[in-house]
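Participant: Provided herewith: data-v5.tsv, TSV, C-alpha atoms.
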chain	number	residue	atom	x	y	z
S	1	MET	CA	10.02	2.90	-33.71
S	2	GLU	CA	8.26	6.22	-33.16
S	3	PRO	CA	4.99	6.63	-35.05
S	4	GLU	CA	5.45	8.99	-38.00
S	5	VAL	CA	3.00	11.73	-38.95
S	6	LEU	CA	1.37	10.63	-42.20
S	7	PHE	CA	-0.79	13.67	-43.07
S	8	HIS	CA	-2.80	16.46	-41.45
S	9	ILE	CA	-6.56	16.95	-41.18
S	10	GLY	CA	-6.87	20.65	-40.42
S	11	PRO	CA	-4.56	21.31	-37.45
S	12	LEU	CA	-4.64	17.63	-36.32
S	13	PRO	CA	-1.62	15.51	-37.24
S	14	ILE	CA	-2.65	11.96	-38.21
S	15	THR	CA	0.07	9.58	-37.05
S	16	GLU	CA	0.60	5.98	-38.11
S	17	THR	CA	-1.00	4.93	-34.80
S	18	VAL	CA	-4.27	6.71	-35.59
S	19	PHE	CA	-4.29	5.49	-39.20
S	20	PHE	CA	-3.76	1.84	-38.26
S	21	THR	CA	-6.30	2.15	-35.42
S	22	TRP	CA	-8.81	3.09	-38.12
S	23	ILE	CA	-7.79	0.01	-40.12
S	24	VAL	CA	-8.24	-2.23	-37.04
S	25	MET	CA	-11.64	-0.63	-36.43
S	26	ALA	CA	-12.66	-1.23	-40.06
S	27	VAL	CA	-11.50	-4.87	-39.96
S	28	LEU	CA	-13.39	-5.52	-36.72
S	29	THR	CA	-16.56	-3.81	-37.98
S	30	VAL	CA	-16.58	-5.72	-41.27
S	31	LEU	CA	-15.86	-9.05	-39.52
S	32	SER	CA	-18.61	-8.42	-36.96
S	33	ILE	CA	-21.14	-7.72	-39.70
S	34	VAL	CA	-20.06	-10.74	-41.79
S	35	PHE	CA	-20.02	-13.17	-38.84
S	36	THR	CA	-23.38	-12.12	-37.36
S	37	ARG	CA	-25.37	-11.58	-40.57
S	38	ASN	CA	-27.70	-14.59	-40.41
S	39	LEU	CA	-27.54	-16.14	-36.97
S	40	LYS	CA	-29.40	-19.41	-36.45
S	41	ARG	CA	-30.60	-21.19	-33.34
S	42	VAL	CA	-28.53	-24.24	-34.30
S	43	PRO	CA	-25.13	-22.77	-35.26
S	44	THR	CA	-23.51	-23.57	-38.59
S	45	GLY	CA	-20.10	-22.70	-40.04
S	46	ALA	CA	-18.55	-19.47	-38.82
S	47	GLN	CA	-21.16	-19.05	-36.10
S	48	HIS	CA	-19.42	-21.86	-34.15
S	49	LEU	CA	-16.25	-19.77	-34.01
S	50	VAL	CA	-18.03	-16.64	-32.80
S	51	GLU	CA	-20.00	-18.54	-30.16
S	52	LEU	CA	-16.80	-20.23	-28.96
S	53	ALA	CA	-15.08	-16.85	-28.52
S	54	VAL	CA	-18.05	-15.21	-26.77
S	55	ASP	CA	-18.56	-18.23	-24.48
S	56	GLY	CA	-14.85	-18.29	-23.59
S	57	ILE	CA	-14.74	-14.61	-22.63
S	58	GLU	CA	-18.08	-14.83	-20.82
S	59	SER	CA	-17.01	-17.79	-18.68
S	60	MET	CA	-13.71	-16.01	-17.92
S	61	VAL	CA	-15.53	-12.84	-16.83
S	62	GLN	CA	-18.15	-14.72	-14.79
S	63	ALA	CA	-15.52	-16.84	-13.04
S	64	ASP	CA	-14.11	-13.65	-11.49
S	65	LEU	CA	-17.01	-11.23	-11.30
S	66	GLY	CA	-19.84	-13.68	-10.56
S	67	LYS	CA	-23.40	-12.98	-11.72
S	68	ARG	CA	-22.90	-9.28	-12.38
S	69	GLY	CA	-20.07	-10.19	-14.78
S	70	ARG	CA	-22.61	-10.53	-17.62
S	71	GLY	CA	-22.78	-6.77	-18.06
S	72	TYR	CA	-19.00	-6.47	-18.38
S	73	THR	CA	-18.63	-9.11	-21.11
S	74	PRO	CA	-19.11	-6.71	-24.09
S	75	PHE	CA	-16.53	-4.26	-22.70
S	76	ILE	CA	-13.93	-6.96	-21.97
S	77	MET	CA	-14.57	-8.65	-25.33
S	78	THR	CA	-14.13	-5.36	-27.20
S	79	ILE	CA	-10.79	-4.70	-25.48
S	80	ALA	CA	-9.63	-8.26	-26.18
S	81	LEU	CA	-10.57	-8.14	-29.88
S	82	PHE	CA	-9.00	-4.71	-30.39
S	83	ILE	CA	-5.70	-5.67	-28.73
S	84	LEU	CA	-5.58	-9.06	-30.49
S	85	THR	CA	-6.11	-7.49	-33.92
S	86	SER	CA	-3.54	-4.78	-33.22
S	87	ASN	CA	-0.95	-7.28	-32.00
S	88	LEU	CA	-1.47	-9.55	-35.00
S	89	LEU	CA	-0.95	-6.50	-37.24
S	90	SER	CA	2.75	-6.61	-36.26
S	91	ILE	CA	3.33	-9.60	-38.56
S	92	VAL	CA	2.16	-7.55	-41.57
S	93	PRO	CA	5.18	-5.89	-43.22
S	94	HIS	CA	5.22	-2.06	-43.05
S	95	ALA	CA	2.19	-2.01	-40.78
S	96	PHE	CA	2.41	-0.16	-37.45
S	97	PRO	CA	0.50	-2.02	-34.72
S	98	PRO	CA	-1.39	0.60	-32.64
S	99	THR	CA	-0.38	-1.19	-29.42
S	100	GLN	CA	3.24	-0.27	-30.23
S	101	ASP	CA	2.39	3.30	-29.17
S	102	LEU	CA	2.26	4.13	-25.45
S	103	ASN	CA	-0.70	6.46	-26.16
S	104	THR	CA	-2.93	3.55	-27.24
S	105	THR	CA	-2.04	1.24	-24.34
S	106	GLY	CA	-2.27	4.18	-21.91
S	107	ALA	CA	-5.74	5.06	-23.20
S	108	LEU	CA	-6.88	1.44	-22.78
S	109	ALA	CA	-5.46	1.26	-19.24
S	110	VAL	CA	-7.18	4.54	-18.26
S	111	LEU	CA	-10.44	3.19	-19.73
S	112	VAL	CA	-10.18	0.07	-17.54
S	113	LEU	CA	-9.46	2.29	-14.50
S	114	LEU	CA	-12.53	4.46	-15.21
S	115	VAL	CA	-14.77	1.40	-15.62
S	116	ALA	CA	-13.42	-0.18	-12.42
S	117	HIS	CA	-13.90	2.97	-10.31
S	118	GLY	CA	-17.21	3.86	-11.95
S	119	SER	CA	-18.69	0.46	-11.24
S	120	GLU	CA	-17.43	0.59	-7.65
S	121	ILE	CA	-19.22	3.91	-7.12
S	122	ARG	CA	-22.37	2.47	-8.73
S	123	VAL	CA	-22.36	-0.73	-6.66
S	124	LYS	CA	-21.17	0.54	-3.26
S	125	GLY	CA	-22.09	4.22	-3.33
S	126	ILE	CA	-19.84	7.30	-3.22
S	127	GLY	CA	-19.38	7.20	0.56
S	128	ALA	CA	-17.94	3.70	0.67
S	129	TYR	CA	-15.82	4.55	-2.38
S	130	ILE	CA	-14.14	7.53	-0.68
S	131	LYS	CA	-13.80	5.53	2.53
S	132	SER	CA	-11.92	2.77	0.69
S	133	TYR	CA	-8.97	5.17	0.19
S	134	PHE	CA	-8.53	5.42	3.98
S	135	GLN	CA	-8.30	1.66	4.51
S	136	PRO	CA	-6.86	0.06	6.59
S	137	PHE	CA	-5.60	3.26	8.34
S	138	TRP	CA	-6.24	6.92	7.46
S	139	TRP	CA	-2.54	7.66	6.89
S	140	MET	CA	-2.46	5.01	4.15
S	141	PHE	CA	-4.25	7.52	1.84
S	142	PRO	CA	-1.17	8.59	-0.21
S	143	LEU	CA	-0.11	4.97	-0.64
S	144	ASN	CA	-3.57	4.01	-1.94
S	145	ILE	CA	-3.50	6.88	-4.46
S	146	VAL	CA	-0.01	5.93	-5.66
S	147	GLY	CA	-1.15	2.30	-5.86
S	148	GLU	CA	-3.96	3.20	-8.27
S	149	PHE	CA	-1.59	5.18	-10.51
S	150	ALA	CA	0.98	2.38	-10.44
S	151	LYS	CA	-1.70	-0.06	-11.63
S	152	VAL	CA	-2.47	2.05	-14.69
S	153	LEU	CA	1.22	2.62	-15.47
S	154	SER	CA	2.18	-1.04	-15.19
S	155	HIS	CA	-0.90	-2.10	-17.17
S	156	ALA	CA	0.00	0.26	-20.02
S	157	PHE	CA	3.77	-0.34	-19.97
S	158	ARG	CA	3.45	-4.14	-19.91
S	159	LEU	CA	1.62	-4.32	-23.25
S	160	TYR	CA	3.67	-1.52	-24.85
S	161	GLY	CA	7.02	-2.90	-23.68
S	162	ASN	CA	6.29	-6.42	-24.87
S	163	ILE	CA	5.16	-5.34	-28.35
S	164	ILE	CA	7.97	-2.82	-28.91
S	165	GLY	CA	10.56	-5.27	-27.52
S	166	GLY	CA	9.48	-7.88	-30.06
S	167	THR	CA	9.56	-5.33	-32.87
S	168	ILE	CA	13.10	-4.22	-31.95
S	169	ILE	CA	14.47	-7.77	-31.78
S	170	VAL	CA	12.87	-8.68	-35.13
S	171	GLY	CA	14.17	-5.38	-36.57
S	172	ILE	CA	17.75	-6.07	-35.42
S	173	LEU	CA	17.66	-9.57	-36.93
S	174	TYR	CA	16.15	-8.09	-40.10
S	175	MET	CA	19.29	-5.94	-40.53
S	176	PHE	CA	21.54	-9.04	-40.55
S	177	ALA	CA	19.36	-11.67	-42.28
S	178	PRO	CA	16.55	-9.95	-44.16
S	179	TYR	CA	14.66	-12.79	-45.86
S	180	VAL	CA	14.11	-16.13	-44.10
S	181	LEU	CA	15.39	-15.98	-40.52
S	182	PRO	CA	13.07	-13.28	-39.09
S	183	VAL	CA	9.92	-15.22	-40.08
S	184	PRO	CA	9.85	-17.75	-37.18
S	185	LEU	CA	10.81	-15.01	-34.75
S	186	MET	CA	7.99	-12.84	-36.13
S	187	GLY	CA	5.66	-15.78	-35.54
S	188	TRP	CA	6.87	-16.06	-31.95
S	189	PHE	CA	6.70	-12.36	-31.08
S	190	GLY	CA	3.78	-11.42	-33.30
S	191	VAL	CA	1.41	-14.36	-32.95
S	192	PHE	CA	2.34	-16.19	-29.72
S	193	MET	CA	3.32	-13.18	-27.57
S	194	GLY	CA	0.51	-11.17	-29.14
S	195	VAL	CA	-2.10	-13.71	-28.04
S	196	ILE	CA	-0.50	-14.15	-24.58
S	197	GLN	CA	-0.32	-10.39	-23.99
S	198	THR	CA	-3.96	-10.02	-25.09
S	199	ALA	CA	-4.96	-12.68	-22.54
S	200	VAL	CA	-2.85	-11.02	-19.85
S	201	PHE	CA	-4.24	-7.54	-20.49
S	202	THR	CA	-7.80	-8.90	-20.48
S	203	LEU	CA	-7.32	-11.00	-17.35
S	204	LEU	CA	-5.74	-8.06	-15.53
S	205	ALA	CA	-8.58	-5.78	-16.61
S	206	ILE	CA	-11.06	-8.26	-15.11
S	207	ALA	CA	-8.90	-8.59	-11.97
S	208	TYR	CA	-8.70	-4.78	-11.53
S	209	ILE	CA	-12.48	-4.45	-11.84
S	210	GLN	CA	-12.95	-7.34	-9.39
S	211	VAL	CA	-10.55	-5.80	-6.82
S	212	ARG	CA	-12.56	-2.56	-6.76
S	213	LEU	CA	-15.88	-4.39	-6.48
S	214	GLU	CA	-14.94	-6.57	-3.51
O	1	MET	CA	32.71	16.53	-29.72
O	2	LEU	CA	34.21	14.85	-26.65
O	3	GLU	CA	31.04	15.68	-24.70
O	4	ALA	CA	28.84	13.92	-27.27
O	5	ALA	CA	31.11	10.89	-27.22
O	6	ILE	CA	30.97	10.78	-23.41
O	7	VAL	CA	27.15	10.99	-23.45
O	8	ILE	CA	26.89	8.13	-25.97
O	9	ALA	CA	29.30	5.97	-23.95
O	10	ALA	CA	27.47	6.72	-20.69
O	11	VAL	CA	24.09	5.88	-22.25
O	12	ALA	CA	25.46	2.59	-23.62
O	13	VAL	CA	26.81	1.59	-20.19
O	14	GLY	CA	23.65	2.83	-18.45
O	15	SER	CA	21.27	0.88	-20.69
O	16	GLY	CA	23.35	-2.23	-20.15
O	17	LEU	CA	23.19	-1.72	-16.37
O	18	ALA	CA	19.43	-1.12	-16.55
O	19	MET	CA	18.92	-4.43	-18.31
O	20	ILE	CA	20.48	-6.29	-15.34
O	21	ALA	CA	16.90	-6.12	-14.06
O	22	GLY	CA	16.21	-8.91	-16.58
O	23	LEU	CA	17.68	-11.33	-14.01
O	24	GLY	CA	14.78	-11.00	-11.59
O	25	PRO	CA	11.87	-11.83	-13.92
O	26	GLY	CA	13.84	-14.77	-15.35
O	27	ILE	CA	14.30	-16.35	-11.93
O	28	GLY	CA	10.74	-15.50	-10.91
O	29	GLN	CA	9.12	-16.90	-14.04
O	30	GLY	CA	11.13	-20.12	-13.81
O	31	PHE	CA	10.07	-20.49	-10.20
O	32	VAL	CA	6.39	-19.96	-11.10
O	33	ALA	CA	6.59	-22.53	-13.94
O	34	GLY	CA	8.23	-25.08	-11.64
O	35	LYS	CA	5.54	-24.64	-8.99
O	36	ALA	CA	2.84	-24.90	-11.68
O	37	VAL	CA	4.30	-28.23	-12.87
O	38	GLU	CA	4.25	-29.45	-9.25
O	39	ALA	CA	0.62	-28.38	-8.90
O	40	ILE	CA	-0.43	-30.10	-12.14
O	41	GLY	CA	1.43	-33.24	-11.06
O	42	ARG	CA	-0.51	-33.25	-7.82
O	43	GLN	CA	-3.88	-32.37	-9.36
O	44	PRO	CA	-3.96	-33.05	-13.13
O	45	GLU	CA	-7.68	-32.17	-13.34
O	46	ALA	CA	-6.91	-28.55	-12.34
O	47	GLU	CA	-4.54	-28.06	-15.30
O	48	ASN	CA	-6.50	-25.28	-17.02
O	49	THR	CA	-6.90	-23.17	-13.88
O	50	VAL	CA	-3.24	-23.63	-12.98
O	51	ARG	CA	-2.12	-22.66	-16.48
O	52	THR	CA	-4.18	-19.46	-16.51
O	53	THR	CA	-2.95	-18.45	-13.05
O	54	MET	CA	0.64	-19.29	-14.03
O	55	ILE	CA	0.59	-17.13	-17.16
O	56	LEU	CA	-1.02	-14.23	-15.27
O	57	GLY	CA	1.57	-14.52	-12.48
O	58	GLN	CA	4.45	-14.70	-14.93
O	59	ALA	CA	3.18	-11.67	-16.84
O	60	ILE	CA	3.06	-9.66	-13.62
O	61	ALA	CA	6.52	-10.88	-12.62
O	62	GLU	CA	7.72	-9.72	-16.02
O	63	SER	CA	6.72	-6.08	-15.41
O	64	THR	CA	10.01	-5.17	-13.69
O	65	GLY	CA	11.94	-6.48	-16.68
O	66	ILE	CA	9.69	-4.51	-19.02
O	67	TYR	CA	10.24	-1.33	-16.96
O	68	SER	CA	14.01	-1.74	-17.30
O	69	LEU	CA	13.57	-2.27	-21.05
O	70	ALA	CA	11.51	0.94	-21.24
O	71	VAL	CA	14.18	2.85	-19.29
O	72	ALA	CA	16.96	1.52	-21.54
O	73	LEU	CA	15.03	2.36	-24.73
O	74	LEU	CA	14.14	5.82	-23.42
O	75	MET	CA	17.81	6.56	-22.72
O	76	ILE	CA	18.97	5.31	-26.11
O	77	PHE	CA	16.30	7.05	-28.20
O	78	SER	CA	16.05	10.36	-26.35
O	79	PHE	CA	19.71	10.90	-25.33
O	80	ALA	CA	22.07	8.78	-27.44
O	81	PHE	CA	20.46	9.19	-30.88
O	82	PRO	CA	20.38	13.05	-30.95
O	83	MET	CA	23.99	13.12	-29.69
O	84	PHE	CA	24.99	10.59	-32.33
O	85	GLU	CA	23.47	12.73	-35.09
O	86	LYS	CA	25.25	15.81	-33.72
O	87	LEU	CA	28.55	13.90	-33.69
O	88	MET	CA	28.04	12.78	-37.28
O	89	GLU	CA	27.34	16.40	-38.30
O	90	LEU	CA	30.54	17.57	-36.62
O	91	LEU	CA	32.54	14.84	-38.30
O	92	GLY	CA	30.97	15.77	-41.63
Could you render the structure as structure tokens?

Facilitator:
Amino acid sequence: MEPEVLFHIGPLPITETVFFTWIVMAVLTVLSIVFTRNLKRVPTGAQHLVELAVDGIESMVQADLGKRGRGYTPFIMTIALFILTSNLLSIVPHAFPPTQDLNTTGALAVLVLLVAHGSEIRVKGIGAYIKSYFQPFWWMFPLNIVGEFAKVLSHAFRLYGNIIGGTIIVGILYMFAPYVLPVPLMGWFGVFMGVIQTAVFTLLAIAYIQVRLE
Amino acid sequence: MLEAAIVIAAVAVGSGLAMIAGLGPGIGQGFVAGKAVEAIGRQPEAENTVRTTMILGQAIAESTGIYSLAVALLMIFSFAFPMFEKLMELLG
């Protein structure tokens, strides 16, 4: 359940999480290069797939963020692809999906928070940003601060809890019936819940950015 | 030895009690799905929008259940497991 330390580089321990994050990064980099090598004006073959994915994410982002959503598409798409690849890694035996570590999901949630607050400061200015913490009354300030922290915590814990919950249930079944029975359950928790949780994390990231921009 | 046994028993009961929180999300998610079916029945052309909103709402309703799962796991892995290993050492 806990990520094990595989080896050390100097004083830095390299855990399973870091190692499999590298693998996810390598897979995504290679796929990106292969899929975008010779793009044509009239798409053929694999280019259909890529255009479908980009169009889907772009329409999702623009539905919530309007015209300025175009600039956020690469960020949202990167998060979605990273989480999807990590979640699908849980159906590979002996692999450790990086999203099964609270550090990964926490880092992603903090990243979304920074982007949301950064873009609010850029769009509205620092004065309006500070003022928004004293809305609707000045004594609501502590509640607003706690609300922001709660968002990050729930964002991180939702993804982590879902992935580790699936892993534990599959693991318990694996102890009783090691060969055939866990496969459909792995499909349910790894593929279906993995895709749903990716969509949920992405949609919530867009929603959190939208809330700060309004 | 008795202390370790008491800690393990208390953690087992406590994790079970924490997972009672699973009731809430179950009821909430069922309610959301029912309302979504009503909405699609009334306006079949809005099916895609309703489905997206439903899944997002259900995932947010699920958070409380996930928190209770995190609390239960935290108790088991950080309190019960070390005690269990200690107990096994004492028993030889």

Participant: Near chain O, meaning an atom within 12 Å, which residues of chain S appear when counting only C-alpha atoms? Write them as number ranges by chain.

Facilitator: S: 1-2, 60, 63, 102, 150-151, 153-166, 168, 193, 195-207

Participant: Please report the interatomic distance between atom CA of O:Ile40 and atom CA of S:Phe192 in Å with one decimal.

Facilitator: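 Spanning atom CA of O:Ile40 to atom CA of S:Phe192 is a straight-line distance of 22.6 Å.
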
Participant: Could you pull out every residue with an atom within 10 Å of (32.6, 15.6, -27.6), file coordinates, counting only C-alpha atoms, and send them as a PDB file with C-alpha atoms, in the coordinates of the input?

Facilitator:
ATOM      1  CA  MET O   1      32.710  16.530 -29.720  1.00  0.00           C
ATOM      2  CA  LEU O   2      34.210  14.850 -26.650  1.00  0.00           C
ATOM      3  CA  GLU O   3      31.040  15.680 -24.700  1.00  0.00           C
ATOM      4  CA  ALA O   4      28.840  13.920 -27.270  1.00  0.00           C
ATOM      5  CA  ALA O   5      31.110  10.890 -27.220  1.00  0.00           C
ATOM      6  CA  ILE O   6      30.970  10.780 -23.410  1.00  0.00           C
ATOM      7  CA  VAL O   7      27.150  10.990 -23.450  1.00  0.00           C
ATOM      8  CA  ILE O   8      26.890   8.130 -25.970  1.00  0.00           C
ATOM      9  CA  MET O  83      23.990  13.120 -29.690  1.00  0.00           C
ATOM     10  CA  LYS O  86      25.250  15.810 -33.720  1.00  0.00           C
ATOM     11  CA  LEU O  87      28.550  13.900 -33.690  1.00  0.00           C
ATOM     12  CA  LEU O  90      30.540  17.570 -36.620  1.00  0.00           C
TER      13      LEU O  90
END

Participant: I want to know what sits within 12 Å of O:Gly16, based on all atoms listed in the file, with residues of the same chain fewer than 2 positions away left out; could you give that as an mmCIF file with C-alpha atoms, in the frame of the given file?

Facilitator:
data_model
loop_
_atom_site.group_PDB
_atom_site.id
_atom_site.type_symbol
_atom_site.label_atom_id
_atom_site.label_comp_id
_atom_site.auth_asym_id
_atom_site.auth_seq_id
_atom_site.Cartn_x
_atom_site.Cartn_y
_atom_site.Cartn_z
ATOM 1 C CA ALA O 9 29.300 5.970 -23.950
ATOM 2 C CA ALA O 10 27.470 6.720 -20.690
ATOM 3 C CA VAL O 11 24.090 5.880 -22.250
ATOM 4 C CA ALA O 12 25.460 2.590 -23.620
ATOM 5 C CA VAL O 13 26.810 1.590 -20.190
ATOM 6 C CA GLY O 14 23.650 2.830 -18.450
ATOM 7 C CA ALA O 18 19.430 -1.120 -16.550
ATOM 8 C CA MET O 19 18.920 -4.430 -18.310
ATOM 9 C CA ILE O 20 20.480 -6.290 -15.340
ATOM 10 C CA ALA O 21 16.900 -6.120 -14.060
ATOM 11 C CA GLY O 22 16.210 -8.910 -16.580
ATOM 12 C CA SER O 68 14.010 -1.740 -17.300
ATOM 13 C CA LEU O 69 13.570 -2.270 -21.050
ATOM 14 C CA VAL O 71 14.180 2.850 -19.290
ATOM 15 C CA ALA O 72 16.960 1.520 -21.540
ATOM 16 C CA LEU O 73 15.030 2.360 -24.730
ATOM 17 C CA MET O 75 17.810 6.560 -22.720
ATOM 18 C CA ILE O 76 18.970 5.310 -26.110
#

Participant: If you measure from atom CA of S:Pro182 to atom CA of S:Thr15, what distance in Å do you get, rounded to one decimal?

Facilitator: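 According to the coordinates, atom CA of S:Pro182 and atom CA of S:Thr15 are separated by 26.4 Å.
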
Participant: How many Å separate atom CA of S:Tyr72 from atom CA of S:Pro43?

Facilitator: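 Calculated distance between atom CA of S:Tyr72 and atom CA of S:Pro43 is 24.3 Å.
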
Participant: Taking all atoms listed in the file into account, which of S:Leu181, S:Leu81, S:Val61, S:Val5 comes nearest S:Ser32?

Facilitator: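 Comparing S:Leu181, S:Leu81, S:Val61, S:Val5 against S:Ser32, the winner is S:Leu81.
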